[in-house]
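Dumped query.csv below, it's CSV, C-alpha atoms and all ligand atoms:
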```
chain,number,residue,atom,x,y,z
A,1,MET,CA,81.5,318.1,9.0
A,2,VAL,CA,79.5,321.3,9.9
A,3,ARG,CA,77.9,320.9,13.4
A,4,PHE,CA,75.4,323.0,15.3
A,5,ARG,CA,74.9,322.4,19.0
A,6,GLY,CA,76.7,319.1,18.5
A,7,LEU,CA,74.3,318.0,15.8
A,8,SER,CA,75.2,317.5,12.1
A,9,PHE,CA,73.4,319.6,9.5
A,10,TYR,CA,71.4,316.5,8.7
A,11,HIS,CA,70.2,316.0,12.3
A,12,TRP,CA,69.2,319.6,13.0
A,13,ALA,CA,67.9,320.7,9.7
A,14,VAL,CA,67.3,318.1,7.1
A,15,ARG,CA,65.9,315.3,9.2
A,16,PRO,CA,63.3,317.3,11.0
A,17,ALA,CA,62.0,318.7,7.7
A,18,LEU,CA,61.9,315.2,6.1
A,19,PHE,CA,60.3,313.7,9.3
A,20,SER,CA,57.6,316.3,9.2
A,21,LEU,CA,56.4,314.6,5.9
A,22,ASP,CA,54.7,311.4,5.3
A,23,PRO,CA,57.5,308.8,5.1
A,24,GLU,CA,56.9,307.7,1.6
A,25,ARG,CA,56.7,311.3,0.4
A,26,ALA,CA,60.0,312.0,2.2
A,27,HIS,CA,61.4,309.0,0.4
A,28,GLU,CA,60.2,310.2,-3.0
A,29,LEU,CA,61.6,313.7,-2.5
A,30,THR,CA,65.0,312.4,-1.4
A,31,MET,CA,65.2,310.0,-4.3
A,32,SER,CA,64.4,312.8,-6.8
A,33,ALA,CA,67.0,315.0,-5.1
A,34,LEU,CA,69.6,312.3,-5.3
A,35,ARG,CA,69.1,312.2,-9.1
A,36,GLN,CA,69.9,315.9,-9.6
A,37,PRO,CA,73.3,316.4,-11.3
A,38,LEU,CA,74.1,319.5,-9.2
A,39,LEU,CA,73.4,317.7,-5.9
A,40,LEU,CA,75.4,314.7,-7.0
A,41,LYS,CA,78.3,317.0,-7.9
A,42,ALA,CA,78.1,318.7,-4.5
A,43,LEU,CA,77.9,315.3,-2.7
A,44,ARG,CA,81.0,314.1,-4.6
A,45,SER,CA,83.0,317.0,-3.5
A,46,ALA,CA,81.7,317.1,0.1
A,47,VAL,CA,82.1,313.4,0.8
A,48,SER,CA,85.7,312.4,1.1
A,49,LEU,CA,85.9,308.6,0.9
A,50,PRO,CA,88.4,306.9,3.1
A,51,ASP,CA,91.2,305.5,1.0
A,52,ASN,CA,91.8,302.5,3.2
A,53,SER,CA,93.1,299.3,1.7
A,54,ARG,CA,92.1,297.5,4.9
A,55,LEU,CA,88.5,297.7,3.8
A,56,GLY,CA,88.8,296.1,0.4
A,57,GLN,CA,88.3,292.4,-0.2
A,58,ARG,CA,87.4,290.0,-3.0
A,59,VAL,CA,84.2,288.2,-2.2
A,60,MET,CA,82.5,285.6,-4.4
A,61,GLY,CA,85.0,286.6,-7.0
A,62,LEU,CA,84.0,290.3,-6.9
A,63,PRO,CA,86.2,293.2,-5.9
A,64,PHE,CA,84.4,295.0,-3.0
A,65,GLU,CA,86.1,298.3,-2.3
A,66,ASN,CA,84.7,298.3,1.2
A,67,PRO,CA,82.3,296.0,3.1
A,68,LEU,CA,79.3,298.4,3.4
A,69,GLY,CA,76.4,298.2,1.0
A,70,LEU,CA,73.0,299.8,0.6
A,71,ALA,CA,70.3,297.2,1.5
A,72,ALA,CA,67.5,296.2,-0.9
A,73,GLY,CA,64.3,298.3,-0.9
A,74,LEU,CA,65.6,301.8,-0.8
A,75,ASP,CA,66.3,302.0,-4.5
A,76,LYS,CA,63.9,299.5,-5.8
A,77,GLN,CA,63.9,300.7,-9.4
A,78,GLY,CA,67.6,301.4,-9.7
A,79,THR,CA,67.4,305.1,-10.4
A,80,ALA,CA,70.0,306.6,-8.0
A,81,LEU,CA,73.1,304.4,-8.4
A,82,ALA,CA,75.4,307.4,-8.9
A,83,ALA,CA,74.3,308.8,-5.5
A,84,TRP,CA,75.0,305.5,-3.6
A,85,ALA,CA,78.5,305.4,-5.1
A,86,ALA,CA,79.0,309.1,-4.2
A,87,LEU,CA,78.0,308.4,-0.6
A,88,GLY,CA,80.8,305.7,-0.3
A,89,PHE,CA,78.9,302.4,-0.5
A,90,GLY,CA,81.0,299.6,-1.8
A,91,HIS,CA,77.8,298.0,-3.3
A,92,ALA,CA,74.1,298.7,-3.6
A,93,GLU,CA,71.4,296.2,-3.8
A,94,ILE,CA,68.6,297.2,-6.2
A,95,GLY,CA,65.1,295.9,-5.9
A,96,THR,CA,63.2,293.9,-5.0
A,97,VAL,CA,62.4,293.7,-8.7
A,98,THR,CA,59.4,291.7,-9.9
A,99,PRO,CA,59.1,290.5,-13.5
A,100,LYS,CA,56.0,292.6,-14.3
A,101,PHE,CA,55.1,296.1,-13.1
A,102,GLN,CA,53.0,296.1,-10.0
A,103,PRO,CA,51.9,299.1,-7.8
A,104,GLY,CA,52.3,297.4,-4.4
A,105,ASN,CA,49.9,297.8,-1.5
A,106,PRO,CA,47.7,300.9,-0.9
A,107,ARG,CA,49.2,303.8,0.9
A,108,PRO,CA,50.0,304.6,3.7
A,109,ARG,CA,52.5,301.7,3.7
A,110,ILE,CA,55.6,303.0,5.4
A,111,PHE,CA,55.5,304.1,9.1
A,112,ARG,CA,58.2,305.9,11.1
A,113,LEU,CA,58.7,304.7,14.7
A,114,SER,CA,60.9,307.6,15.8
A,115,ALA,CA,60.9,306.6,19.4
A,116,ASP,CA,62.5,303.3,18.4
A,117,ALA,CA,64.7,304.5,15.5
A,118,ALA,CA,62.7,302.0,13.4
A,119,LEU,CA,60.4,301.7,10.4
A,120,ILE,CA,57.5,299.5,9.6
A,121,ASN,CA,56.8,298.9,5.9
A,122,ARG,CA,54.3,296.9,3.9
A,123,LEU,CA,55.2,298.2,0.5
A,124,GLY,CA,54.5,294.8,-1.1
A,125,PHE,CA,57.1,295.0,-3.9
A,126,ASN,CA,56.1,298.1,-5.7
A,127,SER,CA,58.1,297.5,-8.8
A,128,ALA,CA,58.5,299.2,-12.2
A,129,GLY,CA,59.0,295.7,-13.6
A,130,ALA,CA,62.2,294.0,-14.7
A,131,ALA,CA,62.3,295.5,-18.2
A,132,GLN,CA,62.1,299.0,-16.9
A,133,VAL,CA,64.6,298.4,-14.1
A,134,ALA,CA,67.0,297.0,-16.8
A,135,LYS,CA,66.6,300.2,-18.7
A,136,ASN,CA,67.3,302.3,-15.6
A,137,LEU,CA,70.4,300.3,-14.8
A,138,ALA,CA,71.6,300.4,-18.4
A,139,ALA,CA,71.5,304.2,-18.2
A,140,ALA,CA,73.2,304.4,-14.8
A,141,SER,CA,76.8,304.9,-13.9
A,142,ALA,CA,78.0,303.3,-10.6
A,143,ARG,CA,81.7,304.2,-10.8
A,144,GLY,CA,83.5,301.4,-9.1
A,145,MET,CA,80.6,300.3,-6.9
A,146,LEU,CA,79.1,296.8,-7.3
A,147,VAL,CA,75.5,296.3,-8.0
A,148,GLY,CA,73.4,293.5,-6.7
A,149,VAL,CA,69.9,292.9,-8.0
A,150,ASN,CA,67.3,291.5,-5.7
A,151,VAL,CA,64.5,289.6,-7.4
A,152,GLY,CA,61.0,288.5,-6.3
A,153,LYS,CA,57.7,287.3,-7.5
A,154,ASN,CA,54.6,289.3,-8.6
A,155,ARG,CA,51.7,289.2,-6.1
A,156,LEU,CA,49.3,287.6,-8.5
A,157,THR,CA,51.6,284.7,-9.5
A,158,PRO,CA,50.6,281.6,-7.7
A,159,ILE,CA,53.2,280.4,-5.3
A,160,GLU,CA,53.6,277.1,-7.2
A,161,GLN,CA,54.7,279.1,-10.2
A,162,ALA,CA,57.0,281.5,-8.3
A,163,VAL,CA,60.2,280.0,-9.8
A,164,ASP,CA,59.1,281.2,-13.3
A,165,ASP,CA,58.9,284.8,-12.0
A,166,TYR,CA,62.4,284.7,-10.5
A,167,ILE,CA,63.7,283.3,-13.8
A,168,ARG,CA,62.0,286.0,-15.8
A,169,ALA,CA,63.5,288.7,-13.6
A,170,VAL,CA,67.0,287.2,-13.8
A,171,GLU,CA,66.6,286.9,-17.6
A,172,ALA,CA,65.8,290.6,-18.0
A,173,LEU,CA,68.5,291.8,-15.6
A,174,HIS,CA,71.5,289.7,-15.8
A,175,ARG,CA,73.5,292.1,-17.9
A,176,TYR,CA,73.4,294.7,-15.0
A,177,ALA,CA,73.9,292.4,-12.0
A,178,ASP,CA,77.2,291.7,-10.3
A,179,TYR,CA,75.2,289.4,-8.1
A,180,PHE,CA,71.6,288.3,-7.7
A,181,THR,CA,69.6,288.0,-4.5
A,182,VAL,CA,66.6,285.6,-4.3
A,183,ASN,CA,64.3,287.3,-1.9
A,184,VAL,CA,62.2,284.7,-0.1
A,185,SER,CA,61.8,286.6,3.1
A,186,SER,CA,59.7,289.7,2.7
A,187,PRO,CA,56.7,289.5,5.0
A,188,ASN,CA,54.5,291.6,2.6
A,189,THR,CA,53.8,289.3,-0.2
A,190,GLU,CA,51.4,286.5,0.7
A,191,GLY,CA,53.1,283.1,0.8
A,192,LEU,CA,56.6,284.4,-0.2
A,193,ARG,CA,58.2,283.2,3.0
A,194,THR,CA,57.0,279.6,2.5
A,195,LEU,CA,59.6,279.6,-0.3
A,196,GLN,CA,62.2,279.5,2.5
A,197,GLN,CA,61.2,276.0,3.4
A,198,ALA,CA,64.2,273.8,2.7
A,199,ALA,CA,62.9,271.5,-0.1
A,200,THR,CA,61.1,274.3,-1.9
A,201,LEU,CA,64.1,276.6,-1.6
A,202,ARG,CA,66.5,273.9,-2.9
A,203,THR,CA,64.5,273.6,-6.2
A,204,LEU,CA,64.1,277.4,-6.5
A,205,ILE,CA,67.8,278.1,-6.1
A,206,GLU,CA,68.8,275.2,-8.3
A,207,LYS,CA,66.7,276.5,-11.1
A,208,VAL,CA,67.7,280.1,-10.7
A,209,VAL,CA,71.4,279.2,-10.6
A,210,ALA,CA,71.1,277.0,-13.7
A,211,HIS,CA,69.3,279.8,-15.5
A,212,VAL,CA,71.9,282.4,-14.5
A,213,ARG,CA,74.6,280.1,-15.8
A,214,SER,CA,72.8,279.6,-19.1
A,215,VAL,CA,72.3,283.3,-19.8
A,216,ALA,CA,75.4,284.8,-18.3
A,217,GLY,CA,77.9,282.7,-20.3
A,218,ASN,CA,81.4,283.0,-19.0
A,219,ARG,CA,80.4,285.7,-16.4
A,220,ALA,CA,79.9,283.9,-13.2
A,221,ILE,CA,77.1,285.8,-11.4
A,222,PRO,CA,76.7,284.7,-7.8
A,223,VAL,CA,73.2,284.0,-6.5
A,224,LEU,CA,72.5,284.7,-2.9
A,225,ALA,CA,69.4,283.9,-0.8
A,226,LYS,CA,67.9,286.4,1.7
A,227,PHE,CA,66.4,285.1,4.9
A,228,SER,CA,64.0,286.3,7.5
A,229,PRO,CA,64.9,286.7,11.2
A,230,ASP,CA,61.6,285.0,12.2
A,231,SER,CA,62.2,281.4,11.4
A,232,PRO,CA,63.0,278.9,14.1
A,233,LEU,CA,66.8,278.2,14.1
A,234,PRO,CA,66.6,274.5,12.9
A,235,ASP,CA,64.4,275.6,10.0
A,236,LEU,CA,66.7,278.4,9.1
A,237,LEU,CA,69.8,276.2,9.1
A,238,ALA,CA,68.0,273.5,7.0
A,239,SER,CA,67.1,276.2,4.5
A,240,VAL,CA,70.6,277.6,4.4
A,241,ASP,CA,72.0,274.1,3.8
A,242,ALA,CA,69.5,273.5,1.0
A,243,ALA,CA,70.4,276.9,-0.6
A,244,LEU,CA,74.1,276.1,-0.5
A,245,GLU,CA,73.7,272.6,-1.8
A,246,ALA,CA,71.6,274.0,-4.6
A,247,GLY,CA,74.5,276.4,-5.6
A,248,ALA,CA,73.9,279.6,-3.7
A,249,SER,CA,77.1,281.6,-3.3
A,250,GLY,CA,76.1,283.5,-0.2
A,251,VAL,CA,73.4,284.3,2.3
A,252,ILE,CA,71.9,287.6,3.4
A,253,ALA,CA,70.6,287.8,7.0
A,254,THR,CA,68.2,289.4,7.7
A,255,ASN,CA,65.1,290.8,6.2
A,256,THR,CA,62.6,292.8,8.3
A,257,THR,CA,60.8,291.1,11.2
A,258,VAL,CA,57.1,290.7,12.0
A,259,ALA,CA,58.0,290.6,15.7
A,260,ARG,CA,57.1,293.7,17.8
A,261,ASP,CA,58.9,293.1,21.1
A,262,GLY,CA,60.0,295.9,23.5
A,263,LEU,CA,59.0,298.9,21.3
A,264,ALA,CA,58.6,302.3,22.8
A,265,SER,CA,56.4,303.8,20.1
A,266,PRO,CA,52.6,304.2,20.5
A,267,ALA,CA,50.5,301.0,19.9
A,268,THR,CA,48.8,302.7,17.0
A,269,LEU,CA,52.1,302.6,15.2
A,270,THR,CA,53.5,299.3,16.4
A,271,ALA,CA,50.2,297.6,15.5
A,272,GLU,CA,50.7,298.4,11.8
A,273,ALA,CA,51.1,295.3,9.7
A,274,GLY,CA,54.4,294.9,7.9
A,275,GLY,CA,58.1,294.3,8.4
A,276,LEU,CA,60.0,296.1,11.2
A,277,SER,CA,63.5,297.4,10.5
A,278,GLY,CA,66.1,299.5,12.3
A,279,ALA,CA,67.4,299.6,15.8
A,280,PRO,CA,65.1,297.0,17.4
A,281,LEU,CA,66.2,294.4,14.8
A,282,ARG,CA,69.9,294.8,15.6
A,283,VAL,CA,70.3,292.2,18.4
A,284,ALA,CA,68.2,289.5,16.6
A,285,ALA,CA,70.0,290.1,13.3
A,286,ASN,CA,73.4,289.9,15.0
A,287,ARG,CA,72.4,286.7,16.8
A,288,THR,CA,71.2,285.2,13.5
A,289,CYS,CA,74.6,286.2,11.9
A,290,ARG,CA,76.5,284.4,14.7
A,291,GLN,CA,74.3,281.3,14.4
A,292,LEU,CA,74.8,281.2,10.7
A,293,PHE,CA,78.6,281.6,11.0
A,294,GLU,CA,78.7,278.9,13.6
A,295,HIS,CA,76.9,276.7,11.2
A,296,ILE,CA,78.6,277.5,7.8
A,297,GLY,CA,81.8,279.2,8.8
A,298,ARG,CA,83.6,280.6,5.9
A,299,LYS,CA,82.1,278.2,3.3
A,300,VAL,CA,80.2,281.2,1.8
A,301,PRO,CA,80.0,284.8,2.8
A,302,ILE,CA,77.2,286.1,5.0
A,303,ILE,CA,75.9,289.6,4.3
A,304,GLY,CA,74.8,291.0,7.6
A,305,VAL,CA,71.9,293.4,7.6
A,306,GLY,CA,69.5,294.8,10.3
A,307,GLY,CA,69.9,297.7,12.7
A,308,ILE,CA,73.3,298.9,11.6
A,309,PHE,CA,73.6,302.6,12.3
A,310,THR,CA,77.2,303.1,13.3
A,311,ALA,CA,80.7,301.9,12.8
A,312,GLU,CA,80.5,300.0,16.1
A,313,HIS,CA,77.4,298.1,14.8
A,314,ALA,CA,79.1,297.3,11.5
A,315,TYR,CA,82.2,296.1,13.3
A,316,GLU,CA,80.2,294.0,15.7
A,317,ARG,CA,78.4,292.3,12.7
A,318,ILE,CA,81.6,291.5,11.0
A,319,ARG,CA,83.1,290.0,14.2
A,320,SER,CA,79.9,288.0,14.4
A,321,GLY,CA,80.6,286.4,11.0
A,322,ALA,CA,79.5,288.9,8.3
A,323,THR,CA,81.8,289.3,5.4
A,324,LEU,CA,79.8,292.3,4.1
A,325,VAL,CA,77.2,294.5,5.8
A,326,GLN,CA,74.3,296.5,4.5
A,327,MET,CA,72.1,299.3,5.9
A,328,TYR,CA,68.7,300.9,5.1
A,329,THR,CA,67.0,302.3,8.1
A,330,GLY,CA,70.2,303.6,9.6
A,331,LEU,CA,70.6,305.8,6.5
A,332,ILE,CA,67.2,307.4,7.1
A,333,TYR,CA,67.9,308.2,10.8
A,334,GLU,CA,71.6,309.1,10.5
A,335,GLY,CA,71.8,310.7,7.1
A,336,PRO,CA,74.0,310.8,4.0
A,337,TRP,CA,77.2,311.1,6.0
A,338,ALA,CA,76.6,307.8,7.8
A,339,PRO,CA,78.3,305.5,5.3
A,340,VAL,CA,81.6,307.4,5.3
A,341,GLU,CA,81.5,307.7,9.1
A,342,ILE,CA,81.0,304.0,9.3
A,343,LEU,CA,83.8,303.3,6.9
A,344,ARG,CA,86.2,305.6,8.7
A,345,GLY,CA,85.2,304.1,12.1
A,346,LEU,CA,85.6,300.6,10.8
A,347,GLY,CA,89.1,301.4,9.4
A,348,ALA,CA,90.1,302.8,12.8
A,349,ARG,CA,88.8,299.8,14.7
A,350,LEU,CA,90.6,297.4,12.4
A,351,GLU,CA,93.8,299.3,12.9
A,352,ARG,CA,93.3,299.5,16.7
A,353,ASP,CA,92.8,295.8,16.9
A,354,GLY,CA,95.7,294.9,14.7
A,355,PHE,CA,93.8,293.6,11.7
A,356,GLY,CA,95.5,294.2,8.4
A,357,ASN,CA,92.4,293.6,6.4
A,358,VAL,CA,88.7,293.4,7.2
A,359,SER,CA,88.6,289.8,6.1
A,360,GLU,CA,90.8,288.9,9.2
A,361,ALA,CA,88.1,290.2,11.6
A,362,ILE,CA,85.2,288.1,10.2
A,363,GLY,CA,83.7,285.9,12.9
A,364,VAL,CA,86.5,286.5,15.5
A,365,ASP,CA,83.9,286.7,18.2
A,366,VAL,CA,82.3,283.4,17.2
A,367,ARG,CA,85.3,281.1,16.8
A,401,LIG,C1,60.9,300.6,3.4
A,401,LIG,C2,61.6,299.3,3.3
A,401,LIG,C3,61.5,298.6,2.1
A,401,LIG,C4,62.2,297.4,2.0
A,401,LIG,N1,62.1,296.7,0.8
A,401,LIG,C5,62.8,295.5,0.7
A,401,LIG,C6,62.8,294.8,-0.6
A,401,LIG,O1,62.1,295.2,-1.5
A,401,LIG,N2,63.5,293.7,-0.7
A,401,LIG,C7,64.2,293.2,0.4
A,401,LIG,O2,64.9,292.1,0.2
A,401,LIG,N3,64.3,293.9,1.5
A,401,LIG,C8,63.6,295.0,1.7
A,401,LIG,N4,63.7,295.7,2.9
A,401,LIG,C9,64.6,295.1,4.0
A,401,LIG,C10,66.0,295.7,4.0
A,401,LIG,O3,66.7,295.4,2.9
A,401,LIG,C11,66.7,295.2,5.3
A,401,LIG,O4,66.8,293.8,5.1
A,401,LIG,C12,66.0,295.5,6.6
A,401,LIG,O5,65.4,296.7,6.5
A,401,LIG,C13,66.9,295.4,7.8
A,401,LIG,O6,67.9,296.4,7.6
A,401,LIG,P1,67.9,297.9,8.3
A,401,LIG,O7,67.6,297.7,9.8
A,401,LIG,O8,69.3,298.4,8.1
A,401,LIG,O9,66.8,298.6,7.6
A,401,LIG,C14,63.1,296.9,3.0
A,401,LIG,C15,63.2,297.7,4.2
A,401,LIG,C16,62.5,298.9,4.3
A,401,LIG,C17,62.7,299.7,5.6
```
Please express the file's structure as structure tokens.
Amino acid sequence: MVRFRGLSFYHWAVRPALFSLDPERAHELTMSALRQPLLLKALRSAVSLPDNSRLGQRVMGLPFENPLGLAAGLDKQGTALAAWAALGFGHAEIGTVTPKFQPGNPRPRIFRLSADAALINRLGFNSAGAAQVAKNLAAASARGMLVGVNVGKNRLTPIEQAVDDYIRAVEALHRYADYFTVNVSSPNTEGLRTLQQAATLRTLIEKVVAHVRSVAGNRAIPVLAKFSPDSPLPDLLASVDAALEAGASGVIATNTTVARDGLASPATLTAEAGGLSGAPLRVAANRTCRQLFEHIGRKVPIIGVGGIFTAEHAYERIRSGATLVQMYTGLIYEGPWAPVEILRGLGARLERDGFGNVSEAIGVDVR
């Protein structure tokens, strides 16, 4: 990689330019760049993906080429799949998709906490709607990468009718999903997190799983539940048990946090309402991963997400019990070469520690 004064081209040129813009504007520019055929071609020739059989594993019946995925929220409308595949991700999670179009909260609604390598967002599920996202996915080519679809409810749907929204989203999108994520943990849709409560979640997952089975025919599409890092541990474990008993094939931990502990950024920023992601989430997300692994072991896979910026972070999360990992904020701070650097570093660490495959390292620090 080209370096200048020890910094990558991204760190000395691209990131300062993007960080001089409003965060959502920077996001929109990046997303439209990532859809340009010329840039995609350049990315494909510049990024050399590690060909490392240690990194591949079958999880929930699906062939993951490597354990690193793009976390939900970056490509909410599913318009840049080819770019995520080109960057080296083994899977990308699209969404959150709501059944109907909705604009989300008023802007500004993404805040950059550079001193903390973090973001706060309160986007509130800005979604093109399930029918449009289905069209986007139908037109996309993901080349070997798996695609998860994360679904949620529209803001105006009463919480008692939330299950209908999840079902409508699944109905519209099942042809394009290798797995579904039931998002019950975004802090930016009023009442959403109450769906994590064990009894409510059990019914929700049961109905979504039954519906997925009825529409997907012979194709078994796994359904996962995504959890918040803010629930007290007994509640979280009760919810996870309920989700698994109801037929969930995996859990994703964690979504963003409403906590604001130990931040270095100015109070004007840290006081913004929304979910915090990035470096300050890493320790809590890692702890949650260990606690979940202690509780469920290898019964179903844990997808570990929150504060992963480097190979060391990804390796730590896997050793804490994650079968797969995802990143969002790390990509913003570390740039487009981060996924390949993480995968290379992960391969090197597995080799150093004598693991023939990534699956052998899962949870070794917890057992
Ligand atoms: C701007 C932004 C938007 C997000 N939108 C969603 C979303 O729509 N659905 C979801 O499940 N998670 C969403 N997330 C949460 C991420 O998927 C992830 O769980 C969280 O950011 C922690 O990972 P990170 O520290 O690598 O960013 C969003 C995160 C950010 C920063």
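Among the candidates A:Arg175, A:Arg260, A:Arg282, A:Arg202, the residue lying nearest to ligand LIG 401 (chain A) is A:Arg282 (atoms considered: all atoms listed in the file).
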Residue contacts of A:Leu55 (7 Å, all atoms listed in the file) excluding same-chain residues fewer than 6 positions away, as a ChimeraX atom specification: /A:65-67,347,357-358
Please report, as a tab-separated table, each residue of chain A lying at most 8 Å from ligand LIG 401 (chain A), together with the nearest pair of atoms and the separation in Å rounded to one decimal; use only C-alpha atoms and all ligand atoms, and order rows by chain and ascending residue number.
```
residue	atom	partner	partner_atom	distance
A:Ala71	CA	A:LIG401	O3	4.3
A:Ala72	CA	A:LIG401	O3	4.0
A:Gly73	CA	A:LIG401	N1	3.2
A:Leu74	CA	A:LIG401	C3	6.0
A:Lys76	CA	A:LIG401	O1	6.3
A:Gly95	CA	A:LIG401	O1	5.4
A:Thr96	CA	A:LIG401	O1	3.9
A:Val97	CA	A:LIG401	O1	7.4
A:Ile110	CA	A:LIG401	C1	6.2
A:Ala118	CA	A:LIG401	O7	7.4
A:Leu119	CA	A:LIG401	C17	5.7
A:Ile120	CA	A:LIG401	C17	6.6
A:Asn121	CA	A:LIG401	C1	5.1
A:Arg122	CA	A:LIG401	C1	7.6
A:Leu123	CA	A:LIG401	C3	6.5
A:Gly124	CA	A:LIG401	O1	7.6
A:Phe125	CA	A:LIG401	O1	5.5
A:Asn126	CA	A:LIG401	O1	7.9
A:Asn150	CA	A:LIG401	O2	6.4
A:Val151	CA	A:LIG401	N2	7.9
A:Thr181	CA	A:LIG401	O2	7.8
A:Asn183	CA	A:LIG401	O2	5.3
A:Val184	CA	A:LIG401	O2	7.9
A:Ser185	CA	A:LIG401	O2	6.9
A:Ser186	CA	A:LIG401	C7	6.1
A:Lys226	CA	A:LIG401	O2	6.6
A:Ala253	CA	A:LIG401	O4	7.4
A:Thr254	CA	A:LIG401	O4	5.3
A:Asn255	CA	A:LIG401	O4	3.6
A:Thr256	CA	A:LIG401	C12	4.7
A:Gly275	CA	A:LIG401	C15	7.4
A:Leu276	CA	A:LIG401	C17	7.2
A:Ser277	CA	A:LIG401	O7	4.2
A:Gly278	CA	A:LIG401	O7	3.4
A:Ala279	CA	A:LIG401	O7	6.3
A:Leu281	CA	A:LIG401	O7	6.2
A:Arg282	CA	A:LIG401	O7	6.9
A:Val305	CA	A:LIG401	O6	5.0
A:Gly306	CA	A:LIG401	O7	3.5
A:Gly307	CA	A:LIG401	O7	3.7
A:Ile308	CA	A:LIG401	O8	5.3
A:Phe309	CA	A:LIG401	O8	7.3
A:Gln326	CA	A:LIG401	O8	6.4
A:Met327	CA	A:LIG401	O8	3.7
A:Tyr328	CA	A:LIG401	O9	3.9
A:Thr329	CA	A:LIG401	O9	3.7
A:Gly330	CA	A:LIG401	O8	5.5
A:Leu331	CA	A:LIG401	O8	7.7
```
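In terms of minimum interatomic distance to A:Ala199, A:Ser239 ranks closest within A:Ser239, A:Ile221, A:His295, A:Asp178, counting only C-alpha atoms.
For stretch 22-28 of chain A, the non-local neighbours within 7 Å, defined as residues at least 3 positions apart in the same chain or in other chains and counting all atoms listed in the file, are Leu18, Met31, Ser32, Ile110, Phe111 and Arg112 of chain A.
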Expected file: the selected residues, C-alpha atoms, as a CSV table (one decimal), in the coordinates of the input:
```
chain,number,residue,atom,x,y,z
A,18,LEU,CA,61.9,315.2,6.1
A,31,MET,CA,65.2,310.0,-4.3
A,32,SER,CA,64.4,312.8,-6.8
A,110,ILE,CA,55.6,303.0,5.4
A,111,PHE,CA,55.5,304.1,9.1
A,112,ARG,CA,58.2,305.9,11.1
```
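All residues that come within 8 Å of the coordinates (78.1, 302.8, 13.0), counting all atoms listed in the file, are given as Ile308, Phe309, Thr310, Ala311, Glu312, His313, Ala314, Tyr315, Ala338, Glu341, Ile342 and Gly345 of chain A.
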Write out as an MDAnalysis selection string each polymer residue whose atoms come within 8 Å of A:Ala243, counting only C-alpha atoms; drop sequence neighbours fewer than 5 positions from it. chainID A and resid 198 201:202 205 225 248
Here atom CA of A:Leu233 and atom CA of A:Gly250 stand apart by 17.9 Å
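One finds atom CA of A:Leu156 at 28.5 Å from atom CA of A:Leu244.
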Taking all atoms listed in the file into account, which of A:Gly335, A:Leu204, A:Ala131, A:Asp261 comes nearest A:Leu7? A:Gly335
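Interatomic distance, atom CA of A:Met145 to atom CA of A:Val59: 13.5 Å.
Of the residues listed (A:Arg219, A:Lys299, A:His211, A:Arg349), A:Arg219 shows the shortest atom-to-atom separation from A:Gly61; distances use all atoms listed in the file.
The residue that comes closest to A:Ser114, out of A:Ala271, A:Ala264, A:Leu236, A:Val300 and on the basis of only C-alpha atoms, is A:Ala264.
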Complete the atoms of stretch 214-224 of chain A to N, CA and C atoms and put them out as a PDB file, keeping the file's coordinate frame.
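Result went into part-v8.pdb, see below:
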```
ATOM      1  N   SER A 214      73.104 279.711 -17.635  1.00  0.00           N
ATOM      2  CA  SER A 214      72.800 279.600 -19.100  1.00  0.00           C
ATOM      3  C   SER A 214      72.771 280.936 -19.765  1.00  0.00           C
ATOM      4  N   VAL A 215      72.334 281.980 -19.072  1.00  0.00           N
ATOM      5  CA  VAL A 215      72.300 283.300 -19.800  1.00  0.00           C
ATOM      6  C   VAL A 215      73.531 284.106 -19.626  1.00  0.00           C
ATOM      7  N   ALA A 216      74.296 283.864 -18.576  1.00  0.00           N
ATOM      8  CA  ALA A 216      75.400 284.800 -18.300  1.00  0.00           C
ATOM      9  C   ALA A 216      76.720 284.340 -18.973  1.00  0.00           C
ATOM     10  N   GLY A 217      76.715 283.192 -19.620  1.00  0.00           N
ATOM     11  CA  GLY A 217      77.900 282.700 -20.300  1.00  0.00           C
ATOM     12  C   GLY A 217      79.084 282.595 -19.378  1.00  0.00           C
ATOM     13  N   ASN A 218      80.223 283.205 -19.762  1.00  0.00           N
ATOM     14  CA  ASN A 218      81.400 283.000 -19.000  1.00  0.00           C
ATOM     15  C   ASN A 218      81.410 283.862 -17.673  1.00  0.00           C
ATOM     16  N   ARG A 219      80.492 284.850 -17.624  1.00  0.00           N
ATOM     17  CA  ARG A 219      80.400 285.700 -16.400  1.00  0.00           C
ATOM     18  C   ARG A 219      79.768 284.914 -15.318  1.00  0.00           C
ATOM     19  N   ALA A 220      80.502 284.588 -14.270  1.00  0.00           N
ATOM     20  CA  ALA A 220      79.900 283.900 -13.200  1.00  0.00           C
ATOM     21  C   ALA A 220      79.164 284.874 -12.277  1.00  0.00           C
ATOM     22  N   ILE A 221      77.843 284.863 -12.288  1.00  0.00           N
ATOM     23  CA  ILE A 221      77.100 285.800 -11.400  1.00  0.00           C
ATOM     24  C   ILE A 221      76.630 285.059 -10.192  1.00  0.00           C
ATOM     25  N   PRO A 222      77.164 285.418  -9.017  1.00  0.00           N
ATOM     26  CA  PRO A 222      76.700 284.700  -7.800  1.00  0.00           C
ATOM     27  C   PRO A 222      75.269 284.935  -7.504  1.00  0.00           C
ATOM     28  N   VAL A 223      74.637 283.904  -6.967  1.00  0.00           N
ATOM     29  CA  VAL A 223      73.200 284.000  -6.500  1.00  0.00           C
ATOM     30  C   VAL A 223      73.197 283.801  -5.030  1.00  0.00           C
ATOM     31  N   LEU A 224      72.563 284.745  -4.341  1.00  0.00           N
ATOM     32  CA  LEU A 224      72.500 284.700  -2.900  1.00  0.00           C
ATOM     33  C   LEU A 224      71.006 284.502  -2.481  1.00  0.00           C
TER      34      LEU A 224
END
```
